[in-house]
Amino acid sequence: MNSDPIPLQFRIARKMKFDEVPDESRVKVYGVRYVYLMDPVGNEFYITRLGWGLLENLRPGNWYTDKRFSKEGERLFEGSGHVYRMPTYNSYGNQQDLVVKFSRFAETVPLHVAETFPDKMPADVGDAEFNDPFQEFGLLMDLRNGHFGDPNIKIKTKHPIAIFSPATKLAPWKLGREKARFDRYRSGMARNLDPKYSMVDLNIERQYIYLFAWVKGRNAANYMEEGLMTKEEMRTLTLRVEGELKNKGFKVLDNKPTHIILRKDKEGNLIKRKGEYEYALVDFELLLRTDEYNDYLKNRTTPAPDQS
C-alpha cells in the first residue's frame, strides 16, 4: 500500500480497539504501528498502542487549544527544550497527566557538559542530531521491549503515547530547520516505512509534538538536593544507568541525573530493589543504538521484531 493514510475521526476511533483499525488508517515506521487521526481543523495525530486508551485525553481542547499546556500546565526546566506537564481528564473525570514536548529534530544540538555529569562526554557528541519523532518512538519502543542484551535487565521509561502535528504551518527558519538536514531525516524515514501500510512523510513547515504519559516521582538531582541520596550515590546511579543502557544496546548522549526518575515509598525513602535504586528514564532526543546492537540487527537471520 503506497497511498497516503486515510484519517479516522475521534468519534469513530473511540468505538474501535487498536487492532480493529483498518490498514488504510495506519502507518508503520521504525517498527512501530500508529493509527492516524485528524480533527476537524486539520490537526494530525499518530497514536501508539500505549496511547489508544487515552483518546479522550488527547483531544486538543484538553491540552493544546489556546496554548492550554503553557497557561495551565507546569513548565519543566530540566532540559533546554520546551516541555510541559499538563493534567487532562476524560468524561469520567479520570486524570492523566501528559508530558507535552516539542520536537527539535533538524535543529542544531546545543550540548553542554552539566556539572552533575559523571564522566567525560562520549566521543560522538560532536556529530549528535536530535531524533525525529518517529525515529525516537521507534528507538524507545525497542528499548522498552528489551530484545537485546541481558534479559534480566528491564529499563523502565515513560510511555510514548502519540505524536501530534498542529495544522498551523510555520516557515522552516522559525523552526530552526535547514532543508538539506531536514531531507536527511525524510530519507531515513522513507527507508524505514512498512509498505504494508499507508505512507507517511515529514513536513518541513509543521511542528511535531511528543505526548508521553507522566512518570510519577522526581529526578535524581532533585533527591540529591533534598538529602535523600549523596552526590556519590547519584554519580554511581548515573553510571549504572549508562552501563545498563549499553548492555541493552543503547546509549543516550546526554545521559545525566535529571533524566533519571525515582520514587519514594510510604515511609519517604527512595524505592530500592535488591539493594539498588529503582528508576525510570524520561529523555530520548539523543537516544542511539550501540554499534554492537546495530551489528546484531544487520546480521540476524530472523525478521526484526515488531516494536508495537
# chains A, B, ... in the order shown; residues from 1 in each chain; ligands from 1
>>> residues_around(residues="segment 12-26 of chain A", least_positions_apart="5", cutoff="9 Å", atoms="only C-alpha atoms", output="PyMOL selection string")
chain A and resi 1+3-7+33-37+46+48-49+52-53+55-56+196-199
>>> write_last_selection(atoms="C-alpha atoms", output="mmCIF file, in the first residue's frame")
data_model
loop_
_atom_site.group_PDB
_atom_site.id
_atom_site.type_symbol
_atom_site.label_atom_id
_atom_site.label_comp_id
_atom_site.auth_asym_id
_atom_site.auth_seq_id
_atom_site.Cartn_x
_atom_site.Cartn_y
_atom_site.Cartn_z
ATOM 1 C CA MET A 1 0.000 0.000 0.000
ATOM 2 C CA SER A 3 -1.193 5.786 -0.664
ATOM 3 C CA ASP A 4 -1.491 8.476 1.984
ATOM 4 C CA PRO A 5 -3.248 7.318 5.163
ATOM 5 C CA ILE A 6 -6.987 7.902 5.444
ATOM 6 C CA PRO A 7 -7.564 9.723 8.729
ATOM 7 C CA ARG A 33 2.392 0.930 14.301
ATOM 8 C CA TYR A 34 0.308 4.074 14.621
ATOM 9 C CA VAL A 35 -3.321 4.921 13.992
ATOM 10 C CA TYR A 36 -3.633 8.160 12.037
ATOM 11 C CA LEU A 37 -6.302 10.577 13.281
ATOM 12 C CA TYR A 46 -0.299 9.385 15.272
ATOM 13 C CA THR A 48 0.508 4.271 19.508
ATOM 14 C CA ARG A 49 -0.994 1.202 21.120
ATOM 15 C CA TRP A 52 -5.123 4.158 22.459
ATOM 16 C CA GLY A 53 -6.928 4.121 25.785
ATOM 17 C CA LEU A 55 -8.101 9.167 23.112
ATOM 18 C CA GLU A 56 -10.400 11.427 25.117
ATOM 19 C CA LYS A 196 2.045 -2.971 4.014
ATOM 20 C CA TYR A 197 0.596 0.209 5.486
ATOM 21 C CA SER A 198 -0.010 3.744 4.253
ATOM 22 C CA MET A 199 2.762 6.222 3.580
#
>>> select_by_dssp(residues="segment 102-245 of chain A", states="alpha helix (DSSP H)", output="ChimeraX atom specification")
/A:133-145,179-191,220-226,231-245
>>> closest_residue(among="A:Asn247, A:Ser103, A:Thr65, A:Gln9", to="Phe148 of chain A", atoms="only C-alpha atoms")
A:Asn247
>>> closest_residue(among="A:Lys158, A:Arg263, A:Arg206, A:Arg191", to="Lys174 of chain A", atoms="only C-alpha atoms")
A:Arg206
